Structure formats: structure tokens, C-alpha cells
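Dumped coords21.pdb below, it's PDB, C-alpha atoms:
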```pdb
ATOM      1  CA  LEU A 207     -10.500  29.888  -8.227
ATOM      2  CA  PRO A 208     -14.053  29.839  -9.593
ATOM      3  CA  ALA A 209     -16.060  26.771  -8.854
ATOM      4  CA  ASP A 210     -18.684  26.513 -11.572
ATOM      5  CA  PRO A 211     -20.798  23.357 -11.097
ATOM      6  CA  ASP A 212     -21.126  23.072 -14.860
ATOM      7  CA  LEU A 213     -17.359  22.702 -15.103
ATOM      8  CA  THR A 214     -17.152  19.890 -12.591
ATOM      9  CA  THR A 215     -15.644  16.740 -14.078
ATOM     10  CA  GLU A 216     -14.954  13.503 -12.345
ATOM     11  CA  GLY A 217     -11.339  12.419 -12.045
ATOM     12  CA  SER A 218      -9.402   9.903 -10.016
ATOM     13  CA  ALA A 219      -5.928  10.107  -8.628
ATOM     14  CA  ALA A 220      -5.890   6.338  -8.630
ATOM     15  CA  SER A 221      -7.051   5.884 -12.235
ATOM     16  CA  GLY A 222      -4.655   5.147 -15.053
ATOM     17  CA  ALA A 223      -1.553   2.981 -14.731
ATOM     18  CA  SER A 224      -2.565  -0.427 -13.483
ATOM     19  CA  GLU A 225       0.605  -0.813 -11.472
ATOM     20  CA  ALA A 226      -0.472   1.920  -9.058
ATOM     21  CA  ALA A 227      -1.675   0.851  -5.647
ATOM     22  CA  THR A 228      -5.449   1.185  -5.282
ATOM     23  CA  THR A 229      -7.688   1.416  -2.281
ATOM     24  CA  SER A 230     -10.871  -0.614  -2.142
ATOM     25  CA  ALA A 231     -14.269   1.006  -1.709
ATOM     26  CA  THR A 232     -14.602  -0.757   1.640
ATOM     27  CA  GLU A 233     -11.377   0.771   2.911
ATOM     28  CA  LEU A 234     -12.399   4.212   1.686
ATOM     29  CA  SER A 235     -15.759   3.993   3.461
ATOM     30  CA  GLN A 236     -13.919   3.491   6.739
ATOM     31  CA  ASP A 237     -11.947   6.709   6.354
ATOM     32  CA  ARG A 238     -13.045   9.718   8.346
ATOM     33  CA  TYR A 239     -12.542  12.051   5.364
ATOM     34  CA  THR A 240     -14.158  11.203   2.026
ATOM     35  CA  ASN A 241     -15.609  12.773  -1.140
ATOM     36  CA  PHE A 242     -12.561  14.778  -2.129
ATOM     37  CA  LYS A 243     -12.901  17.658  -4.586
ATOM     38  CA  LEU A 244      -9.991  19.678  -5.939
ATOM     39  CA  HIS A 245     -10.636  23.135  -7.348
ATOM     40  CA  SER A 246      -7.690  23.699  -9.638
ATOM     41  CA  TYR A 247      -6.299  24.932 -12.921
ATOM     42  CA  TYR A 248      -4.426  22.404 -15.023
ATOM     43  CA  ARG A 249      -1.393  24.647 -15.504
ATOM     44  CA  SER A 250      -1.180  25.896 -11.905
ATOM     45  CA  SER A 251       2.046  24.691 -10.296
ATOM     46  CA  SER A 252       0.460  24.893  -6.843
ATOM     47  CA  SER A 253      -2.379  22.664  -8.003
ATOM     48  CA  TRP A 254       0.080  20.186  -9.487
ATOM     49  CA  ARG A 255       1.782  19.834  -6.090
ATOM     50  CA  VAL A 256      -1.513  18.789  -4.538
ATOM     51  CA  ARG A 257      -2.287  16.371  -7.363
ATOM     52  CA  VAL A 258       1.062  14.661  -6.693
ATOM     53  CA  ALA A 259       0.111  14.282  -3.031
ATOM     54  CA  LEU A 260      -3.303  12.850  -3.927
ATOM     55  CA  GLU A 261      -1.616  10.395  -6.290
ATOM     56  CA  SER A 262       0.870   9.356  -3.630
ATOM     57  CA  LYS A 263      -2.037   8.317  -1.405
ATOM     58  CA  SER A 264      -4.190   6.877  -4.232
ATOM     59  CA  ILE A 265      -7.065   9.128  -3.183
ATOM     60  CA  PRO A 266      -9.950   9.362  -5.672
ATOM     61  CA  TYR A 267     -11.122  12.924  -6.204
ATOM     62  CA  ALA A 268     -13.273  15.106  -8.436
ATOM     63  CA  THR A 269     -11.598  17.901 -10.379
ATOM     64  CA  ILE A 270     -13.407  21.230 -10.519
ATOM     65  CA  PRO A 271     -11.563  23.336 -13.103
ATOM     66  CA  VAL A 272     -11.001  27.020 -12.451
ATOM     67  CA  ASN A 273      -9.755  28.954 -15.475
ATOM     68  CA  LEU A 274      -7.316  31.576 -14.234
ATOM     69  CA  LEU A 275      -6.886  33.182 -17.650
ATOM     70  CA  GLU A 276     -10.628  33.828 -17.720
ATOM     71  CA  SER A 277     -10.489  35.208 -14.140
ATOM     72  CA  GLU A 278     -12.911  32.588 -12.864
ATOM     73  CA  GLN A 279     -11.077  32.741  -9.529
ATOM     74  CA  THR A 280     -12.639  36.149  -8.916
ATOM     75  CA  SER A 281     -16.211  34.839  -9.054
ATOM     76  CA  ALA A 282     -18.402  35.198  -5.990
ATOM     77  CA  SER A 283     -18.746  31.430  -5.665
ATOM     78  CA  HIS A 284     -15.001  30.901  -5.606
ATOM     79  CA  ALA A 285     -14.425  33.808  -3.240
ATOM     80  CA  GLU A 286     -16.544  31.915  -0.706
ATOM     81  CA  LEU A 287     -14.151  28.980  -1.013
ATOM     82  CA  ASN A 288     -10.943  30.986  -0.934
ATOM     83  CA  PRO A 289     -10.905  34.686   0.006
ATOM     84  CA  MET A 290      -7.436  34.933  -1.569
ATOM     85  CA  LEU A 291      -9.022  34.174  -4.961
ATOM     86  CA  GLN A 292      -6.476  31.474  -5.720
ATOM     87  CA  VAL A 293      -6.179  27.779  -6.439
ATOM     88  CA  PRO A 294      -5.938  25.112  -5.237
ATOM     89  CA  VAL A 295      -8.819  24.494  -2.858
ATOM     90  CA  LEU A 296      -9.436  21.013  -1.449
ATOM     91  CA  GLU A 297     -12.863  20.050  -0.148
ATOM     92  CA  CYS A 298     -13.903  16.825   1.549
ATOM     93  CA  THR A 299     -16.499  15.483   3.949
ATOM     94  CA  ASP A 300     -15.735  14.800   7.593
ATOM     95  CA  THR A 301     -17.880  11.723   8.217
ATOM     96  CA  SER A 302     -17.588  12.134  11.982
ATOM     97  CA  THR A 303     -19.607  15.356  11.801
ATOM     98  CA  GLY A 304     -21.143  15.259   8.329
ATOM     99  CA  ARG A 305     -19.679  18.682   7.664
ATOM    100  CA  ALA A 306     -17.493  19.818   4.797
ATOM    101  CA  ALA A 307     -13.815  20.447   5.415
ATOM    102  CA  ARG A 308     -12.106  22.998   3.179
ATOM    103  CA  ILE A 309      -8.379  23.745   2.945
ATOM    104  CA  THR A 310      -6.513  26.265   0.808
ATOM    105  CA  GLN A 311      -2.756  26.740   0.207
ATOM    106  CA  SER A 312      -0.943  23.805  -1.351
ATOM    107  CA  LEU A 313       1.493  22.987   1.466
ATOM    108  CA  ALA A 314      -1.279  23.103   4.065
ATOM    109  CA  ILE A 315      -3.315  20.709   1.919
ATOM    110  CA  ILE A 316      -0.380  18.331   1.558
ATOM    111  CA  ASP A 317       0.217  18.397   5.327
ATOM    112  CA  PHE A 318      -3.465  17.606   5.851
ATOM    113  CA  LEU A 319      -3.324  14.593   3.518
ATOM    114  CA  GLU A 320      -0.164  13.285   5.187
ATOM    115  CA  GLU A 321      -1.793  13.639   8.595
ATOM    116  CA  ILE A 322      -5.129  11.979   7.825
ATOM    117  CA  PHE A 323      -3.601   9.166   5.761
ATOM    118  CA  PRO A 324      -0.258   8.452   7.447
ATOM    119  CA  SER A 325      -0.128   4.812   6.369
ATOM    120  CA  ARG A 326      -1.891   4.796   3.021
ATOM    121  CA  GLY A 327       0.194   4.606  -0.127
ATOM    122  CA  GLY A 328       3.410   6.574  -0.209
ATOM    123  CA  SER A 329       4.542   9.706   1.551
ATOM    124  CA  LEU A 330       6.147  12.942   0.456
ATOM    125  CA  LEU A 331       8.191  12.962   3.652
ATOM    126  CA  PRO A 332      10.811  10.217   4.122
ATOM    127  CA  ARG A 333       9.823   6.949   5.753
ATOM    128  CA  GLY A 334      12.004   4.060   6.816
ATOM    129  CA  ALA A 335      15.753   4.618   6.494
ATOM    130  CA  GLY A 336      16.507   8.270   7.050
ATOM    131  CA  ALA A 337      13.006   9.071   8.235
ATOM    132  CA  SER A 338      14.294   9.704  11.742
ATOM    133  CA  ASP A 339      16.716  12.379  10.493
ATOM    134  CA  PRO A 340      15.110  15.715  11.437
ATOM    135  CA  ALA A 341      17.710  17.595   9.385
ATOM    136  CA  LEU A 342      16.712  15.802   6.166
ATOM    137  CA  ARG A 343      13.019  16.394   6.751
ATOM    138  CA  ALA A 344      13.757  20.056   7.522
ATOM    139  CA  ALA A 345      15.843  20.333   4.344
ATOM    140  CA  ILE A 346      12.942  18.958   2.312
ATOM    141  CA  ARG A 347      10.574  21.498   3.839
ATOM    142  CA  GLU A 348      13.181  24.220   3.288
ATOM    143  CA  MET A 349      13.311  23.414  -0.431
ATOM    144  CA  ALA A 350       9.513  23.453  -0.587
ATOM    145  CA  GLU A 351       9.425  26.916   0.986
ATOM    146  CA  VAL A 352      12.069  28.282  -1.389
ATOM    147  CA  ILE A 353       9.635  27.425  -4.175
ATOM    148  CA  ASN A 354       6.387  28.235  -2.393
ATOM    149  CA  SER A 355       7.400  31.435  -0.595
ATOM    150  CA  GLY A 356      10.443  32.564  -2.552
ATOM    151  CA  ILE A 357       9.275  32.064  -6.145
ATOM    152  CA  GLN A 358       5.519  31.490  -6.296
ATOM    153  CA  PRO A 359       4.413  35.044  -5.373
ATOM    154  CA  MET A 360       6.668  36.475  -8.101
ATOM    155  CA  GLN A 361       5.106  34.435 -10.893
ATOM    156  CA  ASN A 362       1.448  34.635  -9.956
ATOM    157  CA  LEU A 363      -0.705  35.978 -12.765
ATOM    158  CA  SER A 364      -2.129  38.658 -10.479
ATOM    159  CA  THR A 365       1.369  39.879  -9.607
ATOM    160  CA  PHE A 366       2.731  40.539 -13.057
ATOM    161  CA  ARG A 367      -0.599  41.859 -14.303
ATOM    162  CA  GLN A 368      -0.526  44.391 -11.457
ATOM    163  CA  ILE A 369       3.038  45.388 -12.346
ATOM    164  CA  ASP A 370       1.995  45.946 -15.950
ATOM    165  CA  ALA A 371      -0.984  48.041 -14.857
ATOM    166  CA  ASP A 372       0.726  50.115 -12.135
ATOM    167  CA  SER A 373       3.752  50.938 -14.284
ATOM    168  CA  GLY A 374       1.644  51.919 -17.264
ATOM    169  CA  GLY A 375       3.681  49.564 -19.378
ATOM    170  CA  ALA A 376       7.022  50.969 -18.225
ATOM    171  CA  MET A 377       7.773  47.645 -16.561
ATOM    172  CA  ASN A 378       7.150  44.179 -17.957
ATOM    173  CA  GLY A 379       5.507  41.949 -15.373
ATOM    174  CA  LYS A 380       6.593  38.762 -17.104
ATOM    175  CA  ASP A 381      10.234  39.878 -17.093
ATOM    176  CA  PHE A 382       9.900  40.614 -13.374
ATOM    177  CA  ALA A 383       8.531  37.119 -12.813
ATOM    178  CA  LYS A 384      11.321  35.574 -14.861
ATOM    179  CA  GLY A 385      13.945  37.309 -12.732
ATOM    180  CA  GLY A 386      12.337  36.030  -9.530
ATOM    181  CA  ILE A 387      12.172  32.496 -10.896
ATOM    182  CA  GLU A 388      15.832  32.558 -11.925
ATOM    183  CA  LYS A 389      16.933  33.782  -8.504
ATOM    184  CA  GLY A 390      14.867  31.182  -6.671
ATOM    185  CA  LEU A 391      15.859  28.241  -8.863
ATOM    186  CA  GLY A 392      19.504  29.244  -8.535
ATOM    187  CA  ALA A 393      19.161  28.971  -4.760
ATOM    188  CA  ALA A 394      17.231  25.690  -5.053
ATOM    189  CA  GLU A 395      19.997  24.232  -7.220
ATOM    190  CA  LYS A 396      22.600  25.007  -4.556
ATOM    191  CA  LEU A 397      20.453  23.488  -1.806
ATOM    192  CA  ALA A 398      19.948  20.333  -3.872
ATOM    193  CA  VAL A 399      23.695  19.936  -4.425
ATOM    194  CA  ILE A 400      24.362  20.274  -0.689
ATOM    195  CA  SER A 401      21.675  17.738   0.211
ATOM    196  CA  ARG A 402      22.837  15.213  -2.394
ATOM    197  CA  LYS A 403      26.398  15.400  -1.068
ATOM    198  CA  LYS A 404      25.150  14.752   2.458
ATOM    199  CA  ASP A 405      23.074  11.779   1.294
ATOM    200  CA  ALA A 406      26.015  10.341  -0.616
ATOM    201  CA  ALA A 407      28.226  10.658   2.458
ATOM    202  CA  ARG A 408      25.600   9.088   4.706
ATOM    203  CA  ALA A 409      24.334   6.274   2.477
ATOM    204  CA  GLY A 410      27.236   5.765   0.092
ATOM    205  CA  ALA A 411      25.226   7.084  -2.864
ATOM    206  CA  ALA A 412      22.633   9.710  -3.567
ATOM    207  CA  GLY A 413      19.240   8.810  -4.991
ATOM    208  CA  PRO A 414      17.918  10.289  -8.236
ATOM    209  CA  PHE A 415      15.409  12.728  -6.744
ATOM    210  CA  VAL A 416      15.870  16.374  -5.795
ATOM    211  CA  MET A 417      17.222  15.923  -2.281
ATOM    212  CA  GLY A 418      19.207  12.788  -3.086
ATOM    213  CA  THR A 419      16.420  10.493  -1.884
ATOM    214  CA  PHE A 420      15.388   7.254  -3.570
ATOM    215  CA  ALA A 421      11.706   8.220  -3.735
ATOM    216  CA  PRO A 422       9.958  11.525  -4.533
ATOM    217  CA  THR A 423       9.474  13.904  -1.630
ATOM    218  CA  LEU A 424       7.745  17.206  -1.003
ATOM    219  CA  ALA A 425      10.789  18.847  -2.577
ATOM    220  CA  ASP A 426      10.129  17.062  -5.886
ATOM    221  CA  ALA A 427       6.424  17.904  -5.692
ATOM    222  CA  CYS A 428       7.404  21.584  -5.579
ATOM    223  CA  VAL A 429      10.459  21.670  -7.850
ATOM    224  CA  VAL A 430       9.058  19.760 -10.838
ATOM    225  CA  PRO A 431       5.986  22.015 -11.288
ATOM    226  CA  GLN A 432       8.253  25.029 -10.829
ATOM    227  CA  LEU A 433      10.555  23.890 -13.638
ATOM    228  CA  TYR A 434       7.458  23.482 -15.797
ATOM    229  CA  ASN A 435       6.484  27.074 -15.064
ATOM    230  CA  ALA A 436      10.019  28.364 -15.527
ATOM    231  CA  ARG A 437      10.098  27.120 -19.117
ATOM    232  CA  ARG A 438       6.884  28.990 -19.839
ATOM    233  CA  PHE A 439       8.632  32.188 -18.753
ATOM    234  CA  GLY A 440      11.627  31.505 -20.979
ATOM    235  CA  VAL A 441      14.080  30.546 -18.223
ATOM    236  CA  ASP A 442      17.046  28.458 -19.445
ATOM    237  CA  VAL A 443      16.678  25.800 -16.772
ATOM    238  CA  ASP A 444      19.212  23.445 -18.344
ATOM    239  CA  GLU A 445      21.931  26.028 -17.860
ATOM    240  CA  LEU A 446      20.677  27.361 -14.527
ATOM    241  CA  CYS A 447      19.954  24.186 -12.560
ATOM    242  CA  PRO A 448      21.336  20.980 -14.140
ATOM    243  CA  ASN A 449      20.989  18.947 -10.948
ATOM    244  CA  LEU A 450      17.316  19.818 -10.654
ATOM    245  CA  ILE A 451      16.844  18.832 -14.299
ATOM    246  CA  GLU A 452      18.366  15.413 -13.607
ATOM    247  CA  ALA A 453      15.979  14.954 -10.693
ATOM    248  CA  GLU A 454      13.072  16.125 -12.837
ATOM    249  CA  ARG A 455      13.713  13.287 -15.281
ATOM    250  CA  ALA A 456      13.361  10.762 -12.488
ATOM    251  CA  SER A 457      10.100  12.336 -11.334
ATOM    252  CA  LEU A 458       8.550  12.549 -14.788
ATOM    253  CA  ASP A 459       8.940   8.783 -15.105
ATOM    254  CA  HIS A 460       7.244   8.223 -11.732
ATOM    255  CA  PRO A 461       3.510   7.309 -11.703
ATOM    256  CA  TRP A 462       2.619  10.103  -9.261
ATOM    257  CA  PHE A 463       3.906  12.709 -11.681
ATOM    258  CA  VAL A 464       2.771  10.981 -14.858
ATOM    259  CA  ARG A 465      -0.881  10.900 -13.779
ATOM    260  CA  SER A 466      -0.821  14.373 -12.234
ATOM    261  CA  HIS A 467       0.865  16.103 -15.187
ATOM    262  CA  PRO A 468      -0.962  19.218 -16.446
ATOM    263  CA  ASP A 469      -1.571  17.875 -19.936
ATOM    264  CA  ARG A 470      -3.476  14.906 -18.486
ATOM    265  CA  GLN A 471      -5.987  17.037 -16.601
ATOM    266  CA  PRO A 472      -9.631  17.337 -17.693
ATOM    267  CA  ASP A 473      -9.347  21.094 -18.308
ATOM    268  CA  ALA A 474      -6.185  20.857 -20.436
ATOM    269  CA  PRO A 475      -7.101  21.838 -24.014
ATOM    270  CA  PRO A 476      -6.129  18.907 -26.264
ATOM    271  CA  THR A 477      -5.675  20.890 -29.463
ATOM    272  CA  ASP A 478      -5.488  24.538 -28.439
ATOM    273  CA  ASN A 479      -2.150  26.384 -28.457
ATOM    274  CA  ASN A 480      -2.387  26.445 -24.670
ATOM    275  CA  ASN A 481      -1.375  22.805 -24.785
ATOM    276  CA  ALA A 482       1.979  23.670 -26.327
ATOM    277  CA  ALA A 483       2.971  25.322 -23.070
ATOM    278  CA  ALA A 484       1.393  22.549 -20.996
ATOM    279  CA  ALA A 485       3.569  19.962 -22.745
ATOM    280  CA  ALA A 486       6.763  22.004 -22.414
ATOM    281  CA  THR A 487       8.156  20.045 -19.486
ATOM    282  CA  THR A 488       7.862  16.672 -21.176
ATOM    283  CA  ALA A 489       9.107  18.057 -24.486
ATOM    284  CA  ALA A 490      12.099  19.719 -22.861
ATOM    285  CA  VAL A 491      13.205  16.505 -21.199
ATOM    286  CA  ALA A 492      12.821  14.545 -24.430
ATOM    287  CA  ALA A 493      14.657  17.218 -26.416
ATOM    288  CA  LYS A 494      17.478  17.253 -23.893
ATOM    289  CA  ARG A 495      17.955  13.533 -24.375
ATOM    290  CA  ASN A 496      18.021  14.020 -28.158
ATOM    291  CA  GLY A 497      20.355  16.996 -28.041
ATOM    292  CA  ASP A 498      17.677  19.346 -29.368
ATOM    293  CA  LYS A 499      17.330  21.728 -26.462
ATOM    294  CA  GLY A 500      17.133  24.904 -28.527
ATOM    295  CA  GLU A 501      14.247  23.770 -30.689
ATOM    296  CA  CYS A 502      12.252  22.727 -27.639
ATOM    297  CA  GLU A 503      12.733  26.077 -25.935
ATOM    298  CA  ARG A 504      11.632  27.940 -29.068
ATOM    299  CA  GLY A 505       8.513  25.775 -29.327
ATOM    300  CA  ALA A 506       7.526  26.364 -25.708
ATOM    301  CA  SER A 507       7.967  30.127 -25.992
ATOM    302  CA  ALA A 508       6.036  30.270 -29.247
ATOM    303  CA  GLY A 509       3.079  28.423 -27.754
ATOM    304  CA  ASP A 510       2.940  30.797 -24.805
ATOM    305  CA  ASP A 511       3.236  33.901 -26.995
ATOM    306  CA  GLU A 512       0.430  32.702 -29.260
ATOM    307  CA  GLU A 513      -1.773  32.101 -26.249
ATOM    308  CA  GLN A 514      -1.181  35.603 -24.922
ATOM    309  CA  GLU A 515      -1.953  37.128 -28.308
ATOM    310  CA  LYS A 516      -5.296  35.319 -28.392
ATOM    311  CA  LYS A 517      -6.117  36.581 -24.899
ATOM    312  CA  LYS A 518      -5.270  40.139 -25.882
ATOM    313  CA  ALA A 519      -7.466  39.884 -28.960
ATOM    314  CA  ARG A 520     -10.417  38.695 -26.887
ATOM    315  CA  ALA A 521      -9.876  41.443 -24.343
ATOM    316  CA  GLU A 522      -9.878  44.080 -27.065
TER     317      GLU A 522
END
```
Translate the structure of the given file into C-alpha cells.
Amino acid sequence: LPADPDLTTEGSAASGASEAATTSATELSQDRYTNFKLHSYYRSSSSWRVRVALESKSIPYATIPVNLLESEQTSASHAELNPMLQVPVLECTDTSTGRAARITQSLAIIDFLEEIFPSRGGSLLPRGAGASDPALRAAIREMAEVINSGIQPMQNLSTFRQIDADSGGAMNGKDFAKGGIEKGLGAAEKLAVISRKKDAARAGAAGPFVMGTFAPTLADACVVPQLYNARRFGVDVDELCPNLIEAERASLDHPWFVRSHPDRQPDAPPTDNNNAAAAATTAAVAAKRNGDKGECERGASAGDDEEQEKKKARAE
């Protein structure tokens, strides 16, 4: 989405919690790819996936905010970066040629980071025990595609705005998106249950993350942001996908997800009503623990409705 130089703010995937592994400046200077910039929107689930990957590798990067609600992604400058007029976009410098490298589409970006930094930090694909199991790695990628290909297109802002416009108001684009999210998360829940049973049979116990692993994987990097989005659309995720919710709790306590969370991004409004929706994931998990699920869901929906009303007022 739009890349306005005036909106560029420095960030670091390695900043924050002191327990995180860091990479020295000397080590970074020896890397072929440097000077990472992420064009993103704080509330974009696709952007969050990439931020998790950057955190897993402790890669410093600059955040260039792109406000989707203000249609900054349609600017001429952003169109040069991504003809699809979407976020995220990752830019970096290839020191072997001095040229800029630019990648769009979240899963392609994550693959790129895994390939250029195979040994740095963690990995969103299993290493060590179980890493040689092609079926597990395929299952992780399968889960990622259920989210990325099966749900993401349904919930994109451009999709439900087009439905609203083409139907002349006869159809509600947000309701359409909600239905697609519910269908996709229902399938993801079933896949997670199957994978966890296989892991328990193989290892004697399943881990706490989405696919039954003992560390976050690409599946978690896709599922957790999707649950965040689902709440914004009013989906009852606690009822629909309890196993994914359990895995989400594990991820939200993990440093990769803590530092990459939407409400910790430089373009997240600290006091605006937008932030009510941005904090919905954390609030929902806390409310679940306190037995106050209903109140949390009402709060998240109210924040989103208020935001939409403000946008409509500005448009008018």
C-alpha cells in the first residue's frame, strides 16, 4: 500500500524484550541482504505474518505505514511497489549487486526470509526432531494456504467494498466476509485436530501450538492474525475453533507475537477507537480466562462499528 516517505518510521524486529536473540552489527554487515523495509498496515493480518517471520530471525527493519482505510495503497508511489495495490511489501538491498530487492505476498516474503537466513534465529518450518517429516511440513503449508488462499480474499477491504457497491446495498460485504471466515476457520480447526492427534501418536504428546508442535510455525503465523481479524468481523471464534484458541494463547505469550502484535506497531493509534479493534485479540484471550467472553466480544464489535461510522462521516 502507499509508501509515503513522510510516514516512514524506524522500527526493529529485534527491539523490545531483552531475552530475544540479537544479531550484532558485524554479523549483519556480512549478510548479502540488508536494509530491510516493510510497507504495511498495523491491522493487516498479512503484514502481521511477515512481522512474525522478521521477529523469528531477529531482523531489524524500518516500518513504512500504509493506511488502507485512507486508500493509501492506491497511490501512484505504492502502485510502483505492488501492482496489486496491497500490503505487505518487503524491500531490501542486495549487497552483491547494490540493487534493491522487492517482494510482495506474505508467504513469498516468508519463504524468502527462510531461504536467505536458514540458520539465523528461529524458523517457521520445523527444525530438529520432526524436521525430516515431509508430511508435517506439508501440513503446515496446507494450513497456511487455507488461511491465505481460502479466507484472505474474502475479507479484503476491496472485496467487501466491491460487493457493497455492485449490489447497490442489497448485499452486505462484511456479512459475506464473515461467512467466508467462518467456513475457513471451521476447516482450519479440523486440520489442527488431525495434526495434533498425529503429533501425540508420534511423540507421545502434542505441543501447544496450532499443529501440535512445541514451537510456533508458519501455521501459527497465519492462524493467529486470522483469529484477530475474525473477531473484528464478529465471528464467535471460541465456539467455532476452540483448539485454535488454545494454540493462540501459546502464541500470544511468545516473543515473536508479542513484539509483532498490531497494537505495538508505529501506525497503531494509541487513543483512537481504532485501537479498540486492534486490541481485540489480547482482550479476548484475557476475557476468556476470566470467564467474561461476552463482554469482550461486545467491546470489540463496538470499537469497529464506531470506527466505520467515523469513516462514513468523513466520506460524506
Please provide the set of residues having any atom within 12 Å of range 321-325 of chain A, restricted to all atoms listed in the file, with same-chain residues fewer than 2 positions apart removed, written as a ChimeraX atom specification. /A:229,233-234,236-240,259-260,262-265,298,300,314-319,327-333
Export C-alpha atoms of the chosen residues as a PDB file, keeping the file's coordinate frame?
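So the final result, stored in out.pdb, reads:
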```pdb
ATOM      1  CA  THR A 229      -7.688   1.416  -2.281  1.00  0.00           C
ATOM      2  CA  GLU A 233     -11.377   0.771   2.911  1.00  0.00           C
ATOM      3  CA  LEU A 234     -12.399   4.212   1.686  1.00  0.00           C
ATOM      4  CA  GLN A 236     -13.919   3.491   6.739  1.00  0.00           C
ATOM      5  CA  ASP A 237     -11.947   6.709   6.354  1.00  0.00           C
ATOM      6  CA  ARG A 238     -13.045   9.718   8.346  1.00  0.00           C
ATOM      7  CA  TYR A 239     -12.542  12.051   5.364  1.00  0.00           C
ATOM      8  CA  THR A 240     -14.158  11.203   2.026  1.00  0.00           C
ATOM      9  CA  ALA A 259       0.111  14.282  -3.031  1.00  0.00           C
ATOM     10  CA  LEU A 260      -3.303  12.850  -3.927  1.00  0.00           C
ATOM     11  CA  SER A 262       0.870   9.356  -3.630  1.00  0.00           C
ATOM     12  CA  LYS A 263      -2.037   8.317  -1.405  1.00  0.00           C
ATOM     13  CA  SER A 264      -4.190   6.877  -4.232  1.00  0.00           C
ATOM     14  CA  ILE A 265      -7.065   9.128  -3.183  1.00  0.00           C
ATOM     15  CA  CYS A 298     -13.903  16.825   1.549  1.00  0.00           C
ATOM     16  CA  ASP A 300     -15.735  14.800   7.593  1.00  0.00           C
ATOM     17  CA  ALA A 314      -1.279  23.103   4.065  1.00  0.00           C
ATOM     18  CA  ILE A 315      -3.315  20.709   1.919  1.00  0.00           C
ATOM     19  CA  ILE A 316      -0.380  18.331   1.558  1.00  0.00           C
ATOM     20  CA  ASP A 317       0.217  18.397   5.327  1.00  0.00           C
ATOM     21  CA  PHE A 318      -3.465  17.606   5.851  1.00  0.00           C
ATOM     22  CA  LEU A 319      -3.324  14.593   3.518  1.00  0.00           C
ATOM     23  CA  GLY A 327       0.194   4.606  -0.127  1.00  0.00           C
ATOM     24  CA  GLY A 328       3.410   6.574  -0.209  1.00  0.00           C
ATOM     25  CA  SER A 329       4.542   9.706   1.551  1.00  0.00           C
ATOM     26  CA  LEU A 330       6.147  12.942   0.456  1.00  0.00           C
ATOM     27  CA  LEU A 331       8.191  12.962   3.652  1.00  0.00           C
ATOM     28  CA  PRO A 332      10.811  10.217   4.122  1.00  0.00           C
ATOM     29  CA  ARG A 333       9.823   6.949   5.753  1.00  0.00           C
TER      30      ARG A 333
END
```
All residues 12 Å or closer to Pro448 in chain A, only C-alpha atoms, same chain fewer than 3 positions away omitted, as a tab-separated table (two decimals) with C-alpha atoms, keeping the file's coordinate frame:
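For reference, out02.tsv as written:
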```
chain	number	residue	atom	x	y	z
A	391	LEU	CA	15.86	28.24	-8.86
A	392	GLY	CA	19.50	29.24	-8.54
A	394	ALA	CA	17.23	25.69	-5.05
A	395	GLU	CA	20.00	24.23	-7.22
A	396	LYS	CA	22.60	25.01	-4.56
A	398	ALA	CA	19.95	20.33	-3.87
A	399	VAL	CA	23.70	19.94	-4.42
A	416	VAL	CA	15.87	16.37	-5.80
A	433	LEU	CA	10.56	23.89	-13.64
A	442	ASP	CA	17.05	28.46	-19.44
A	443	VAL	CA	16.68	25.80	-16.77
A	444	ASP	CA	19.21	23.44	-18.34
A	445	GLU	CA	21.93	26.03	-17.86
A	451	ILE	CA	16.84	18.83	-14.30
A	452	GLU	CA	18.37	15.41	-13.61
A	453	ALA	CA	15.98	14.95	-10.69
A	454	GLU	CA	13.07	16.12	-12.84
A	455	ARG	CA	13.71	13.29	-15.28
A	491	VAL	CA	13.20	16.50	-21.20
A	494	LYS	CA	17.48	17.25	-23.89
```
What lies within 10 Å of Leu397 in chain A using all atoms listed in the file, ignoring chain neighbours under 4 positions off, as an mmCIF file with C-alpha atoms, in the frame of the given file?
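File produced: part07.cif:
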```cif
data_model
loop_
_atom_site.group_PDB
_atom_site.id
_atom_site.type_symbol
_atom_site.label_atom_id
_atom_site.label_comp_id
_atom_site.auth_asym_id
_atom_site.auth_seq_id
_atom_site.Cartn_x
_atom_site.Cartn_y
_atom_site.Cartn_z
ATOM 1 C CA ALA A 345 15.843 20.333 4.344
ATOM 2 C CA ILE A 346 12.942 18.958 2.312
ATOM 3 C CA GLU A 348 13.181 24.220 3.288
ATOM 4 C CA MET A 349 13.311 23.414 -0.431
ATOM 5 C CA VAL A 352 12.069 28.282 -1.389
ATOM 6 C CA LEU A 391 15.859 28.241 -8.863
ATOM 7 C CA GLY A 392 19.504 29.244 -8.535
ATOM 8 C CA ALA A 393 19.161 28.971 -4.760
ATOM 9 C CA SER A 401 21.675 17.738 0.211
ATOM 10 C CA ARG A 402 22.837 15.213 -2.394
ATOM 11 C CA VAL A 416 15.870 16.374 -5.795
ATOM 12 C CA MET A 417 17.222 15.923 -2.281
#
```
Give me the residues near Glu351 in chain A as a PDB file with C-alpha atoms, in the frame of the given file, where near means some atom within 9 Å (using only C-alpha atoms) and where sequence neighbours in that chain fewer than 5 positions away do not count.
```pdb
ATOM      1  CA  LEU A 313       1.493  22.987   1.466  1.00  0.00           C
ATOM      2  CA  ILE A 346      12.942  18.958   2.312  1.00  0.00           C
ATOM      3  CA  GLY A 356      10.443  32.564  -2.552  1.00  0.00           C
ATOM      4  CA  ILE A 357       9.275  32.064  -6.145  1.00  0.00           C
ATOM      5  CA  ALA A 425      10.789  18.847  -2.577  1.00  0.00           C
ATOM      6  CA  CYS A 428       7.404  21.584  -5.579  1.00  0.00           C
TER       7      CYS A 428
END
```
How many Å lie between CA of Lys384 in chain A and CA of Val430 in chain A, rounded to one decimal? 16.5 Å
Centre and edge lengths, as JSON, for the axis-aligned box enclosing every listed atom of range 405-412 of chain A with 8 Å of padding on each of the six sides, in Å to one decimal?
```
{"center_x": 25.4, "center_y": 8.8, "center_z": 0.6, "size_x": 21.6, "size_y": 22.0, "size_z": 24.3}
```
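Restricting the calculation to all atoms listed in the file, the smallest distance between His460 in chain A and any of A:Pro472, A:Pro414, A:Pro340, A:Pro359 is found for A:Pro414.
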Calculated over all atoms listed in the file, which of the candidates A:Ala421, A:Ser251, A:Ile369, A:Ala474 has the smallest distance to Arg438 in chain A? A:Ser251
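Reported to one decimal place, the separation of CA of Leu296 in chain A from CA of Leu244 in chain A is 4.7 Å.
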Counting only C-alpha atoms, the option among A:Ala268, A:Met360, A:Ala412, A:Val293 closest to Arg249 in chain A: A:Val293
Which residues are near Phe382 in chain A? Cut-off 10 Å, only C-alpha atoms, ignore same chain within fewer than 3 positions. Put them as a PyMOL selection string. chain A and resi 360-361+365-366+369-370+377-379+385-387
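Residue nearest His245 in chain A within the list A:Leu291, A:Val258, A:Leu275, A:Ala436: A:Leu291 [criterion: smallest interatomic distance, all atoms listed in the file].
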